[in-house]
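Colleague: The following file, protein_31.cif, comprises mmCIF, C-alpha atoms and all ligand atoms:
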data_start
loop_
_atom_site.label_atom_id
_atom_site.label_comp_id
_atom_site.auth_asym_id
_atom_site.auth_seq_id
_atom_site.Cartn_x
_atom_site.Cartn_y
_atom_site.Cartn_z
CA MET A 1 -53.67 -121.72 105.44
CA ASN A 2 -51.93 -119.61 102.87
CA ILE A 3 -51.52 -121.58 99.63
CA ASP A 4 -49.25 -120.08 97.02
CA SER A 5 -47.93 -121.54 93.79
CA SER A 6 -44.28 -122.17 92.99
CA ASP A 7 -42.30 -119.48 91.19
CA LYS A 8 -42.13 -121.73 88.15
CA LEU A 9 -45.90 -121.92 87.84
CA LYS A 10 -46.04 -118.14 88.14
CA LYS A 11 -43.58 -117.87 85.26
CA LEU A 12 -45.70 -119.93 82.83
CA PRO A 13 -47.12 -117.85 79.99
CA PRO A 14 -50.72 -116.71 80.56
CA TYR A 15 -53.49 -118.72 78.93
CA LEU A 16 -54.62 -116.48 76.12
CA PHE A 17 -57.89 -118.09 75.23
CA VAL A 18 -59.75 -117.19 78.45
CA GLU A 19 -61.84 -114.51 76.83
CA ILE A 20 -62.73 -116.61 73.78
CA ASP A 21 -63.59 -119.58 76.01
CA ARG A 22 -65.90 -117.41 78.09
CA ALA A 23 -67.65 -116.01 75.01
CA LYS A 24 -67.95 -119.54 73.60
CA ARG A 25 -69.57 -120.84 76.81
CA LYS A 26 -72.02 -117.96 76.88
CA LEU A 27 -73.17 -118.53 73.29
CA ARG A 28 -73.54 -122.27 73.92
CA GLU A 29 -75.69 -121.56 76.97
CA GLU A 30 -77.85 -119.33 74.81
CA GLY A 31 -78.42 -122.35 72.58
CA LYS A 32 -76.44 -120.97 69.62
CA ASP A 33 -75.27 -123.48 67.00
CA LEU A 34 -71.48 -123.05 67.19
CA ILE A 35 -69.17 -124.34 64.46
CA ASP A 36 -65.92 -125.11 66.24
CA LEU A 37 -62.86 -124.77 64.03
CA GLY A 38 -60.74 -124.12 67.10
CA ILE A 39 -59.97 -127.64 68.23
CA GLY A 40 -56.94 -129.57 66.99
CA ASP A 41 -58.50 -132.96 67.67
CA PRO A 42 -59.67 -135.40 64.96
CA ASP A 43 -63.47 -135.71 64.76
CA GLN A 44 -63.34 -139.20 63.21
CA PRO A 45 -63.40 -142.22 65.53
CA THR A 46 -60.45 -144.53 66.16
CA PRO A 47 -60.54 -147.37 63.57
CA GLN A 48 -62.61 -150.31 64.83
CA PHE A 49 -59.82 -152.92 64.64
CA ILE A 50 -57.80 -150.90 67.16
CA ILE A 51 -60.76 -150.67 69.53
CA ASN A 52 -61.34 -154.43 69.19
CA LYS A 53 -57.72 -155.09 70.07
CA LEU A 54 -57.98 -152.88 73.16
CA TYR A 55 -61.12 -154.69 74.29
CA GLU A 56 -59.44 -158.05 73.94
CA ALA A 57 -56.25 -156.92 75.67
CA ALA A 58 -58.16 -155.24 78.51
CA LYS A 59 -59.70 -158.60 79.42
CA ASP A 60 -56.28 -160.17 80.04
CA PRO A 61 -55.26 -159.79 83.72
CA ALA A 62 -51.61 -159.79 82.67
CA ASN A 63 -52.26 -156.33 81.26
CA HIS A 64 -53.76 -154.97 84.48
CA ARG A 65 -50.50 -154.64 86.36
CA TYR A 66 -47.87 -151.92 86.19
CA ALA A 67 -46.35 -151.79 82.74
CA LEU A 68 -42.62 -151.54 82.12
CA ASP A 69 -41.42 -147.93 82.30
CA SER A 70 -39.64 -148.45 79.01
CA GLY A 71 -42.73 -149.91 77.30
CA MET A 72 -43.31 -153.43 75.98
CA TYR A 73 -40.46 -154.75 73.88
CA LEU A 74 -43.01 -155.73 71.23
CA LEU A 75 -44.24 -152.14 70.97
CA ARG A 76 -40.69 -150.79 70.66
CA ALA A 77 -39.94 -153.41 68.00
CA GLU A 78 -43.10 -152.45 66.09
CA ILE A 79 -42.15 -148.77 66.25
CA ALA A 80 -38.70 -149.68 64.87
CA SER A 81 -40.29 -151.58 62.02
CA TRP A 82 -42.73 -148.73 61.32
CA TYR A 83 -39.83 -146.22 61.16
CA LYS A 84 -37.84 -148.48 58.87
CA ASN A 85 -40.80 -148.96 56.58
CA ARG A 86 -41.89 -145.32 56.57
CA PHE A 87 -38.58 -143.43 56.63
CA GLY A 88 -35.91 -146.05 55.88
CA VAL A 89 -34.38 -145.29 59.29
CA ASP A 90 -32.99 -148.11 61.46
CA LEU A 91 -33.68 -147.77 65.18
CA ASP A 92 -32.57 -150.12 67.95
CA PRO A 93 -35.66 -151.03 70.02
CA GLU A 94 -33.48 -151.55 73.11
CA ASN A 95 -32.01 -148.09 73.43
CA GLU A 96 -33.20 -145.74 70.70
CA ILE A 97 -36.97 -145.84 71.32
CA LEU A 98 -39.01 -144.80 74.37
CA PRO A 99 -42.83 -145.12 74.41
CA LEU A 100 -44.62 -142.13 75.95
CA ILE A 101 -48.02 -141.42 77.49
CA GLY A 102 -48.75 -139.25 74.48
CA SER A 103 -45.90 -137.25 72.98
CA LYS A 104 -46.87 -134.06 74.86
CA GLU A 105 -45.62 -135.37 78.20
CA GLY A 106 -42.33 -136.47 76.62
CA ILE A 107 -41.82 -133.10 74.96
CA ALA A 108 -42.65 -131.21 78.16
CA HIS A 109 -40.44 -133.48 80.32
CA PHE A 110 -37.44 -133.49 77.99
CA PRO A 111 -35.97 -130.12 79.09
CA LEU A 112 -35.82 -131.50 82.67
CA ALA A 113 -33.30 -134.02 81.40
CA ILE A 114 -31.01 -131.46 79.79
CA LEU A 115 -31.27 -127.87 80.97
CA LYS A 116 -29.23 -126.44 83.80
CA ARG A 117 -30.44 -123.28 85.54
CA GLY A 118 -30.24 -120.38 83.10
CA ASP A 119 -29.69 -122.50 79.98
CA TYR A 120 -31.65 -121.51 76.92
CA ALA A 121 -33.97 -123.35 74.58
CA LEU A 122 -34.64 -121.99 71.09
CA VAL A 123 -38.41 -121.99 70.74
CA PRO A 124 -40.38 -121.17 67.59
CA ASP A 125 -42.85 -118.28 67.75
CA PRO A 126 -45.69 -119.14 67.12
CA CYS A 127 -45.53 -122.67 68.59
CA TYR A 128 -47.21 -125.61 70.28
CA PRO A 129 -47.29 -124.38 73.92
CA PRO A 130 -45.47 -127.30 75.72
CA TYR A 131 -42.11 -126.21 74.22
CA LYS A 132 -42.34 -123.07 76.31
CA SER A 133 -43.88 -124.51 79.44
CA GLY A 134 -41.49 -127.50 79.48
CA THR A 135 -38.54 -125.12 79.28
CA ILE A 136 -39.83 -122.88 82.06
CA LEU A 137 -40.65 -125.80 84.37
CA ALA A 138 -37.06 -126.99 83.90
CA ASP A 139 -35.64 -123.61 85.01
CA GLY A 140 -34.65 -122.86 81.45
CA LYS A 141 -34.93 -119.63 79.52
CA ILE A 142 -36.73 -119.12 76.24
CA TYR A 143 -35.05 -117.67 73.20
CA SER A 144 -37.74 -116.98 70.61
CA MET A 145 -37.26 -117.82 66.95
CA PRO A 146 -39.82 -115.92 64.87
CA LEU A 147 -41.47 -118.02 62.15
CA LEU A 148 -42.14 -115.53 59.37
CA ALA A 149 -44.12 -115.88 56.16
CA LYS A 150 -41.19 -114.48 54.15
CA ASN A 151 -39.08 -117.46 55.34
CA ASN A 152 -41.87 -119.96 54.72
CA PHE A 153 -42.28 -120.18 58.50
CA LEU A 154 -38.83 -121.71 58.98
CA PRO A 155 -36.55 -120.15 61.62
CA ASP A 156 -33.68 -118.01 60.31
CA LEU A 157 -30.66 -119.86 61.69
CA ASN A 158 -28.18 -117.26 60.45
CA LYS A 159 -29.91 -114.57 62.43
CA ILE A 160 -29.78 -116.77 65.54
CA ARG A 161 -26.06 -117.50 64.99
CA ARG A 162 -25.28 -113.81 65.22
CA HIS A 163 -26.62 -113.63 68.76
CA GLY A 164 -24.15 -115.95 70.47
CA LEU A 165 -25.29 -119.39 71.43
CA LYS A 166 -23.11 -120.35 74.39
CA LYS A 167 -25.94 -121.13 76.79
CA VAL A 168 -28.32 -122.60 74.22
CA LYS A 169 -28.81 -126.34 74.75
CA ILE A 170 -32.01 -127.22 72.88
CA ILE A 171 -33.80 -126.20 69.69
CA PHE A 172 -37.45 -127.17 69.19
CA ILE A 173 -38.45 -127.95 65.60
CA ASN A 174 -41.90 -128.99 64.41
CA TYR A 175 -42.61 -129.76 60.73
CA PRO A 176 -45.23 -130.25 59.48
CA ASN A 177 -45.96 -127.33 61.78
CA ASN A 178 -48.73 -126.53 64.22
CA PRO A 179 -50.07 -123.82 63.96
CA THR A 180 -48.69 -122.53 60.62
CA SER A 181 -49.04 -125.85 58.70
CA ALA A 182 -45.65 -125.13 57.08
CA VAL A 183 -43.37 -127.97 55.99
CA ALA A 184 -39.57 -128.22 56.08
CA THR A 185 -37.24 -128.49 53.10
CA ASP A 186 -34.30 -130.93 52.88
CA GLU A 187 -32.05 -127.92 52.63
CA PHE A 188 -33.33 -126.57 55.93
CA TYR A 189 -32.93 -129.92 57.69
CA ASN A 190 -29.33 -130.24 56.45
CA GLU A 191 -28.52 -126.71 57.58
CA LEU A 192 -30.23 -127.33 60.94
CA ILE A 193 -28.13 -130.41 61.69
CA LYS A 194 -24.94 -128.57 60.76
CA PHE A 195 -25.98 -125.68 63.03
CA ALA A 196 -26.74 -128.07 65.91
CA LEU A 197 -23.47 -130.00 65.64
CA GLU A 198 -21.38 -126.82 65.35
CA ASN A 199 -22.96 -125.30 68.41
CA ASN A 200 -23.55 -128.37 70.56
CA ILE A 201 -27.32 -127.95 70.51
CA ILE A 202 -29.83 -130.81 70.82
CA ILE A 203 -32.60 -130.87 68.24
CA VAL A 204 -36.05 -131.79 69.52
CA SER A 205 -38.02 -132.70 66.40
CA ASP A 206 -41.80 -132.95 66.86
CA LEU A 207 -43.23 -135.10 64.08
CA ALA A 208 -46.83 -135.35 65.27
CA TYR A 209 -48.24 -134.52 61.82
CA SER A 210 -45.89 -136.49 59.56
CA GLU A 211 -48.73 -138.66 58.24
CA ILE A 212 -51.33 -135.93 57.69
CA THR A 213 -50.23 -134.74 54.24
CA PHE A 214 -51.86 -133.70 50.95
CA ASP A 215 -51.29 -133.41 47.21
CA GLY A 216 -48.69 -136.19 47.23
CA TYR A 217 -46.43 -134.43 49.74
CA ARG A 218 -44.48 -136.80 52.01
CA ALA A 219 -42.94 -135.52 55.23
CA ARG A 220 -39.46 -136.75 56.12
CA SER A 221 -38.00 -137.68 59.47
CA LEU A 222 -35.04 -135.58 60.59
CA LEU A 223 -33.35 -138.89 61.42
CA GLU A 224 -33.08 -139.60 57.69
CA PHE A 225 -30.42 -136.89 57.42
CA GLU A 226 -26.68 -137.31 57.91
CA GLY A 227 -25.41 -136.40 61.36
CA ALA A 228 -28.84 -136.55 62.97
CA ARG A 229 -28.06 -139.58 65.11
CA ASP A 230 -25.60 -137.43 67.08
CA CYS A 231 -27.98 -134.62 68.02
CA VAL A 232 -31.66 -135.45 67.39
CA ILE A 233 -34.47 -136.75 69.55
CA GLU A 234 -37.67 -137.10 67.56
CA PHE A 235 -41.18 -137.25 69.00
CA HIS A 236 -43.97 -139.15 67.35
CA SER A 237 -47.55 -139.87 68.25
CA LEU A 238 -50.45 -142.13 67.38
CA SER A 239 -52.84 -139.28 68.22
CA LYS A 240 -53.30 -137.67 64.83
CA THR A 241 -52.28 -140.62 62.63
CA TYR A 242 -54.85 -143.06 64.03
CA ASN A 243 -57.41 -140.69 65.60
CA MET A 244 -56.20 -141.72 69.06
CA THR A 245 -55.74 -138.43 70.90
CA GLY A 246 -57.57 -139.67 73.99
CA TRP A 247 -55.66 -142.93 74.22
CA ARG A 248 -52.31 -141.33 75.08
CA CYS A 249 -49.63 -143.17 73.15
CA GLY A 250 -46.56 -141.75 71.47
CA TRP A 251 -42.82 -142.22 71.55
CA ALA A 252 -39.41 -140.57 71.51
CA CYS A 253 -36.62 -141.96 69.33
CA GLY A 254 -33.17 -141.10 68.06
CA ASN A 255 -29.89 -140.52 69.89
CA SER A 256 -29.62 -143.22 72.57
CA LYS A 257 -28.13 -140.95 75.23
CA LEU A 258 -30.96 -138.44 74.82
CA VAL A 259 -33.56 -141.20 74.91
CA SER A 260 -32.06 -142.67 78.08
CA LEU A 261 -31.94 -139.28 79.83
CA LEU A 262 -35.64 -138.75 79.10
CA ALA A 263 -36.32 -142.29 80.34
CA LYS A 264 -34.60 -141.43 83.60
CA VAL A 265 -36.80 -138.37 84.16
CA LYS A 266 -39.93 -140.35 83.39
CA SER A 267 -39.03 -143.32 85.60
CA ASN A 268 -39.24 -140.87 88.50
CA ILE A 269 -42.61 -139.50 87.47
CA ASP A 270 -44.87 -142.06 85.75
CA SER A 271 -45.15 -145.82 85.42
CA GLY A 272 -45.66 -146.37 81.74
CA ILE A 273 -48.64 -146.75 79.40
CA PHE A 274 -51.57 -149.08 80.24
CA GLN A 275 -50.43 -152.29 78.61
CA ALA A 276 -53.72 -152.94 76.81
CA ILE A 277 -53.24 -149.62 75.04
CA GLN A 278 -49.74 -150.68 74.06
CA VAL A 279 -51.14 -153.91 72.57
CA ALA A 280 -53.76 -151.93 70.62
CA SER A 281 -51.07 -149.48 69.48
CA ILE A 282 -49.03 -152.36 68.08
CA ALA A 283 -52.10 -153.34 66.02
CA ALA A 284 -52.41 -149.75 64.77
CA LEU A 285 -48.76 -149.57 63.70
CA LYS A 286 -48.95 -152.99 62.02
CA SER A 287 -51.98 -152.07 59.90
CA ASP A 288 -51.68 -151.07 56.25
CA ALA A 289 -51.79 -147.37 55.42
CA ARG A 290 -55.24 -147.44 53.82
CA HIS A 291 -56.95 -145.85 56.78
CA ILE A 292 -54.37 -143.04 56.84
CA LYS A 293 -54.77 -142.42 53.12
CA ASP A 294 -58.56 -142.19 53.41
CA MET A 295 -58.28 -139.82 56.32
CA CYS A 296 -55.87 -137.54 54.47
CA LEU A 297 -58.25 -137.44 51.49
CA LEU A 298 -61.07 -136.45 53.82
CA TYR A 299 -59.01 -133.61 55.32
CA GLN A 300 -57.89 -132.58 51.83
CA GLU A 301 -61.48 -132.21 50.61
CA ARG A 302 -62.34 -130.16 53.67
CA ARG A 303 -59.21 -128.06 53.12
CA ASP A 304 -60.15 -127.27 49.53
CA LEU A 305 -63.68 -126.35 50.53
CA LEU A 306 -62.52 -124.05 53.33
CA LEU A 307 -59.81 -122.41 51.20
CA ARG A 308 -62.29 -121.65 48.43
CA GLY A 309 -64.71 -120.18 50.95
CA LEU A 310 -62.10 -118.05 52.69
CA LYS A 311 -60.93 -116.63 49.37
CA SER A 312 -64.50 -115.78 48.48
CA ILE A 313 -64.74 -113.55 51.55
CA GLY A 314 -61.41 -111.88 50.76
CA LEU A 315 -58.99 -113.74 53.04
CA THR A 316 -55.68 -115.04 51.69
CA PRO A 317 -54.90 -118.35 53.35
CA LYS A 318 -51.76 -120.32 52.60
CA ILE A 319 -52.48 -123.70 50.97
CA PRO A 320 -51.34 -126.27 53.52
CA LEU A 321 -49.51 -129.40 52.28
CA ALA A 322 -49.82 -131.02 55.69
CA THR A 323 -51.51 -130.92 59.14
CA PHE A 324 -55.24 -130.36 59.57
CA TYR A 325 -54.89 -126.60 60.04
CA VAL A 326 -55.43 -123.64 57.78
CA TRP A 327 -53.33 -120.66 58.87
CA SER A 328 -54.80 -117.51 57.43
CA LYS A 329 -53.68 -113.92 57.39
CA ILE A 330 -56.32 -111.45 58.50
CA PRO A 331 -56.87 -107.82 57.49
CA ARG A 332 -54.12 -105.63 58.87
CA ARG A 333 -56.38 -103.33 60.83
CA GLU A 334 -57.58 -106.10 63.19
CA THR A 335 -55.85 -108.01 65.99
CA SER A 336 -56.27 -111.77 65.80
CA SER A 337 -58.22 -111.77 69.07
CA ASN A 338 -60.66 -109.16 67.79
CA PHE A 339 -61.02 -111.04 64.55
CA ALA A 340 -61.73 -114.31 66.37
CA ARG A 341 -64.30 -112.51 68.52
CA LEU A 342 -65.94 -111.12 65.39
CA PHE A 343 -66.22 -114.61 63.85
CA LEU A 344 -67.66 -115.91 67.10
CA GLU A 345 -70.19 -113.19 67.76
CA LYS A 346 -71.32 -112.45 64.20
CA ALA A 347 -71.25 -115.96 62.74
CA ASN A 348 -70.97 -118.27 65.78
CA ILE A 349 -67.76 -119.73 64.36
CA VAL A 350 -64.86 -120.58 66.67
CA VAL A 351 -61.32 -120.00 65.33
CA THR A 352 -58.05 -119.71 67.23
CA PRO A 353 -56.35 -116.28 67.30
CA GLY A 354 -52.72 -116.66 66.17
CA VAL A 355 -51.41 -114.56 69.06
CA GLY A 356 -52.33 -117.44 71.40
CA PHE A 357 -49.35 -119.34 69.98
CA GLY A 358 -46.90 -116.47 70.47
CA PRO A 359 -46.50 -112.78 69.55
CA HIS A 360 -45.50 -113.59 65.95
CA GLY A 361 -48.80 -115.43 65.50
CA GLU A 362 -50.44 -111.98 65.58
CA GLY A 363 -52.11 -111.13 62.30
CA TYR A 364 -53.26 -114.73 61.71
CA ILE A 365 -56.03 -117.10 62.70
CA ARG A 366 -55.87 -120.90 62.80
CA MET A 367 -58.78 -123.02 61.61
CA ALA A 368 -58.90 -126.78 62.14
CA LEU A 369 -60.25 -129.13 59.47
CA THR A 370 -61.77 -131.37 62.10
CA VAL A 371 -65.45 -130.78 61.26
CA PRO A 372 -67.53 -132.37 58.44
CA LYS A 373 -67.77 -130.71 55.03
CA GLU A 374 -71.43 -129.72 55.62
CA ARG A 375 -70.32 -127.68 58.61
CA ILE A 376 -67.49 -126.01 56.69
CA HIS A 377 -69.99 -125.18 53.96
CA GLU A 378 -72.38 -123.76 56.56
CA ALA A 379 -69.54 -121.75 58.11
CA ILE A 380 -68.70 -120.16 54.76
CA GLU A 381 -72.35 -119.31 54.11
CA ARG A 382 -72.58 -117.60 57.48
CA LEU A 383 -69.39 -115.65 56.81
CA LYS A 384 -70.60 -114.50 53.41
CA LYS A 385 -73.74 -113.13 55.03
CA THR A 386 -72.13 -111.38 57.96
CA ILE A 387 -68.54 -110.36 57.31
C1 LIG A 401 -51.23 -132.87 68.72
C2 LIG A 401 -49.79 -132.52 68.81
C3 LIG A 401 -48.88 -133.38 69.44
C4 LIG A 401 -49.32 -134.74 69.94
O1 LIG A 401 -49.72 -134.75 71.23
P1 LIG A 401 -50.02 -136.13 71.97
O2 LIG A 401 -49.61 -135.82 73.35
O3 LIG A 401 -49.17 -137.21 71.36
O4 LIG A 401 -51.47 -136.39 71.80
C5 LIG A 401 -47.55 -133.03 69.49
N1 LIG A 401 -47.11 -131.89 68.92
C6 LIG A 401 -47.94 -131.05 68.29
C7 LIG A 401 -47.39 -129.85 67.65
C8 LIG A 401 -49.30 -131.32 68.25
O5 LIG A 401 -50.14 -130.46 67.64
#
What is this structure when it is put down as structure tokens?
Modeller:
Amino acid sequence: MNIDSSDKLKKLPPYLFVEIDRAKRKLREEGKDLIDLGIGDPDQPTPQFIINKLYEAAKDPANHRYALDSGMYLLRAEIASWYKNRFGVDLDPENEILPLIGSKEGIAHFPLAILKRGDYALVPDPCYPPYKSGTILADGKIYSMPLLAKNNFLPDLNKIRRHGLKKVKIIFINYPNNPTSAVATDEFYNELIKFALENNIIIVSDLAYSEITFDGYRARSLLEFEGARDCVIEFHSLSKTYNMTGWRCGWACGNSKLVSLLAKVKSNIDSGIFQAIQVASIAALKSDARHIKDMCLLYQERRDLLLRGLKSIGLTPKIPLATFYVWSKIPRRETSSNFARLFLEKANIVVTPGVGFGPHGEGYIRMALTVPKERIHEAIERLKKTI
């Protein structure tokens, strides 16, 4: 039998970390002590009270059956109360909130709800990969928006305006940003909403890192801004906030029509989140913010240690106010892939080459603050010796 993939799969961007992954595996097999700053996944465990709640809920047979596609009402109500408390934004649990099996699936499925063949999505470059793959799998086309240091890694909307926007239906926005760790200004958000309403473009706002912030910085929801209710769908996640990446729980919220269109796509694909996880997620959202504060302080200490170390070897990283990433410029004569390979082979340190997030990520590496301070210290010592 001759098995061939669909055209859409063929169109997906190539996976750019193949070579690094292979080199990583080889060094591991050789018994090398790798320090992995490549992974965007919290190293700390899920707080115990959430695990206890899951255990309890998993024992209840009522939670063993298919869940509601639209999620438990109690979860949606808790999300509404969390949003009100955190951002001062009122959401209707009945039609402005949709629980997701992690926000990634919602983000990747959303273009299926909106794009017609040949429509465009404005996608940041560099970016979190599902914005691109979701667009391609929905028969959409990608229009890249470079995120440049000189614009504080915000897209230049005026430049985009000049190119004609007739077939553009979606713009993906993600602040605090992965991979650049940049944050948005109020001014940018106001301009963005104006731009979207003028041009009939839906804003997909990815707020996965809103709670991972430092130095007193507080991230805002796009839904706090005037006009947003007409054009914004915002994606949120328990993954980074509560160290729950493996649990798969997030949500979409905002404009009710957009939320219902995504719900329609999903009702044809999945059957909701395991209900015991929904019950545990309610407990997470109900808890006070002490755990989050402690976690941010931990990341902040690691950040300061890594920044000091990187400066001591002559790199010039940006000081991140949010996310657990450090996005650092590398010497001009190297490509980011070569630089990552150098770190790996000379110091057994894994970092992510910026080009893996898009062509404009070239010239940078991303390092995750998801390893203990001792390991960051060790990494810096190795770099001082070898680089
Ligand atoms: C981690 C991350 C998410 C969250 O993914 P989940 O599917 O909710 O675990 C979303 N967006 C970005 C940019 C991320 O880095």
Colleague: Could you list, as a list in words, every residue within 8 Å of stretch 225-229 of chain A, counting only C-alpha atoms and ignoring same-chain residues fewer than 3 positions away?
Modeller: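 Listing them by chain and then by number gives Tyr189, Asn190, Ile193, Lys194, Leu197, Ser221, Leu222, Val232, Gly254 and Asn255 of chain A.
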Colleague: Create the file for the chosen residues now, containing C-alpha atoms and written as a tab-separated table (two decimals), keeping the file's coordinate frame.
Modeller:
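Contents of part_6.tsv, freshly written:
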chain	number	residue	atom	x	y	z
A	189	TYR	CA	-32.93	-129.92	57.69
A	190	ASN	CA	-29.33	-130.24	56.45
A	193	ILE	CA	-28.13	-130.41	61.69
A	194	LYS	CA	-24.94	-128.57	60.76
A	197	LEU	CA	-23.47	-130.00	65.64
A	221	SER	CA	-38.00	-137.68	59.47
A	222	LEU	CA	-35.04	-135.58	60.59
A	232	VAL	CA	-31.66	-135.45	67.39
A	254	GLY	CA	-33.17	-141.10	68.06
A	255	ASN	CA	-29.89	-140.52	69.89
Colleague: Could you give me, as a PyMOL selection string, the residues within 12 Å of A:Ser210, counting all atoms listed in the file and dropping anything in the same chain fewer than 2 positions from it?
Modeller: chain A and resi 83+86-87+174-178+181-184+205-208+212-214+217-222+234-242+292+296+321-324
Colleague: Between atom CA of A:Asn63 and atom CA of A:Phe274, what is the spacing in Å?
Modeller: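 Atom-to-atom, atom CA of A:Phe274 to atom CA of A:Asn63, that is 7.4 Å.
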Colleague: For A:Asn348, list every protein, DNA or RNA residue within 8 Å, evaluated using all atoms listed in the file, and leave out those in the same chain fewer than 6 positions away; present the list as a list in words.
Modeller: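 Residues meeting the cut-off are Leu27, Lys32, Asp33, Leu34 and Ile35 of chain A.
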Colleague: Neighbourhood query: residues within 8 Å of (-45.4, -127.9, 78.1), file coordinates, counting all atoms listed in the file; return as a list in words.
Modeller: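 Counting all atoms listed in the file, I find these residues within 8 Å of (-45.4, -127.9, 78.1): Lys104, Glu105, Ile107, Ala108, His109, Pro129, Pro130, Tyr131, Lys132, Ser133, Gly134 and Thr135 of chain A.
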Colleague: Applying 6 Å and all atoms listed in the file, which residues near stretch 247-249 of chain A remain after dropping the ones on its own chain fewer than 3 positions away? List them as a PDB file with C-alpha atoms, in the coordinates of the input.
Modeller:
ATOM      1  CA  LEU A 100     -44.620-142.130  75.950  1.00  0.00           C
ATOM      2  CA  ILE A 101     -48.020-141.420  77.490  1.00  0.00           C
ATOM      3  CA  GLY A 102     -48.750-139.250  74.480  1.00  0.00           C
ATOM      4  CA  LEU A 238     -50.450-142.130  67.380  1.00  0.00           C
ATOM      5  CA  MET A 244     -56.200-141.720  69.060  1.00  0.00           C
TER       6      MET A 244
END
Colleague: Between A:Asp36, A:Asp119, A:Asp41, A:Glu374, which is the closest to ligand LIG 401 (chain A) once you count all atoms listed in the file?
Modeller: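 Ranking A:Asp36, A:Asp119, A:Asp41, A:Glu374 by distance to ligand LIG 401 (chain A), first place goes to A:Asp41.
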Colleague: Padding 8 Å on each side, edges along x, y and z: where is the centre of the box around the listed atoms of ligand LIG 401 (chain A), and how long are its edges in Å to one decimal? Output it as JSON.
Modeller:
{"center_x": -49.3, "center_y": -133.5, "center_z": 70.5, "size_x": 20.4, "size_y": 23.4, "size_z": 21.7}
Colleague: Excluding same-chain residues fewer than 3 positions from stretch 328-333 of chain A, what lies within 6 Å of it counting all atoms listed in the file, as a PyMOL selection string?
Modeller: chain A and resi 317+363-365
Colleague: Just how far from atom CA of A:Gln278 is atom CA of A:Val371, in Å to one decimal?
Modeller: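 Distance between the two atoms: 28.4 Å.
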Colleague: Around the point (-45.1, -119.0, 83.9), in the coordinates given by the file, pick out the residues reaching within 12 Å, counting all atoms listed in the file, and return them as a list in words.
Modeller: Ser5, Ser6, Asp7, Lys8, Leu9, Lys10, Lys11, Leu12, Pro13, Pro14, Tyr15, Pro129, Pro130, Lys132, Ser133, Gly134, Thr135, Ile136, Leu137, Ala138, Asp139, Gly140, Lys141 and Ile142 of chain A
Colleague: By how many Å are atom P1 of ligand LIG 401 (chain A) and atom CA of A:Tyr209 apart?
Modeller: 10.4 Å
Colleague: Using only C-alpha atoms for the distances, tell me which of A:Phe110, A:Phe195, A:Phe188, A:Phe17 is nearest to A:Leu262.
Modeller: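 Looking at the shortest contact to A:Leu262, the residue is A:Phe110.
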Colleague: Using all atoms listed in the file, find the one residue out of A:Arg303, A:Ala347, A:Asn243, A:Gly354 that sits nearest to ligand LIG 401 (chain A).
Modeller: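 Of all the options, A:Asn243 lies closest to ligand LIG 401 (chain A).
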Colleague: Restricting the calculation to all atoms listed in the file: of A:Ala252, A:Met145, A:Ala284, A:Ala113, which residue gets closest to ligand LIG 401 (chain A)?
Modeller: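 Closest to ligand LIG 401 (chain A) of all the choices is A:Ala252.
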Colleague: Between A:Ala368, A:Leu306, A:Ala196, A:Ile3, which is the closest to ligand LIG 401 (chain A) once you count only C-alpha atoms and all ligand atoms?
Modeller: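 Among the listed residues, A:Ala368 lies closest to ligand LIG 401 (chain A).
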Colleague: Name the closest residue to ligand LIG 401 (chain A) among the candidates A:Leu68, A:Val204, A:Leu91, A:Leu75; distances are taken between atoms, counting only C-alpha atoms and all ligand atoms.
Modeller: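 Residue with the minimum atom-to-atom distance to ligand LIG 401 (chain A): A:Val204.
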Colleague: Model the absent atoms of stretch 276-281 of chain A so that N, CA, C and O atoms are present, and write the result as a PDB file, keeping the file's coordinate frame.
Modeller:
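Output contents, as saved in rebuild_6.pdb:
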ATOM      1  N   ALA A 276     -52.725-152.640  77.842  1.00  0.00           N
ATOM      2  CA  ALA A 276     -53.720-152.940  76.810  1.00  0.00           C
ATOM      3  C   ALA A 276     -53.681-151.893  75.694  1.00  0.00           C
ATOM      4  O   ALA A 276     -53.890-152.206  74.518  1.00  0.00           O
ATOM      5  N   ILE A 277     -53.378-150.668  76.062  1.00  0.00           N
ATOM      6  CA  ILE A 277     -53.240-149.620  75.040  1.00  0.00           C
ATOM      7  C   ILE A 277     -51.992-149.855  74.201  1.00  0.00           C
ATOM      8  O   ILE A 277     -51.989-149.643  72.987  1.00  0.00           O
ATOM      9  N   GLN A 278     -50.939-150.356  74.831  1.00  0.00           N
ATOM     10  CA  GLN A 278     -49.740-150.680  74.060  1.00  0.00           C
ATOM     11  C   GLN A 278     -50.032-151.793  73.046  1.00  0.00           C
ATOM     12  O   GLN A 278     -49.584-151.725  71.894  1.00  0.00           O
ATOM     13  N   VAL A 279     -50.804-152.806  73.474  1.00  0.00           N
ATOM     14  CA  VAL A 279     -51.140-153.910  72.570  1.00  0.00           C
ATOM     15  C   VAL A 279     -51.974-153.374  71.390  1.00  0.00           C
ATOM     16  O   VAL A 279     -51.723-153.709  70.228  1.00  0.00           O
ATOM     17  N   ALA A 280     -52.934-152.513  71.687  1.00  0.00           N
ATOM     18  CA  ALA A 280     -53.760-151.930  70.620  1.00  0.00           C
ATOM     19  C   ALA A 280     -52.921-151.038  69.713  1.00  0.00           C
ATOM     20  O   ALA A 280     -53.138-150.985  68.492  1.00  0.00           O
ATOM     21  N   SER A 281     -51.942-150.355  70.280  1.00  0.00           N
ATOM     22  CA  SER A 281     -51.070-149.480  69.480  1.00  0.00           C
ATOM     23  C   SER A 281     -50.211-150.295  68.521  1.00  0.00           C
ATOM     24  O   SER A 281     -49.935-149.854  67.397  1.00  0.00           O
TER      25      SER A 281
END
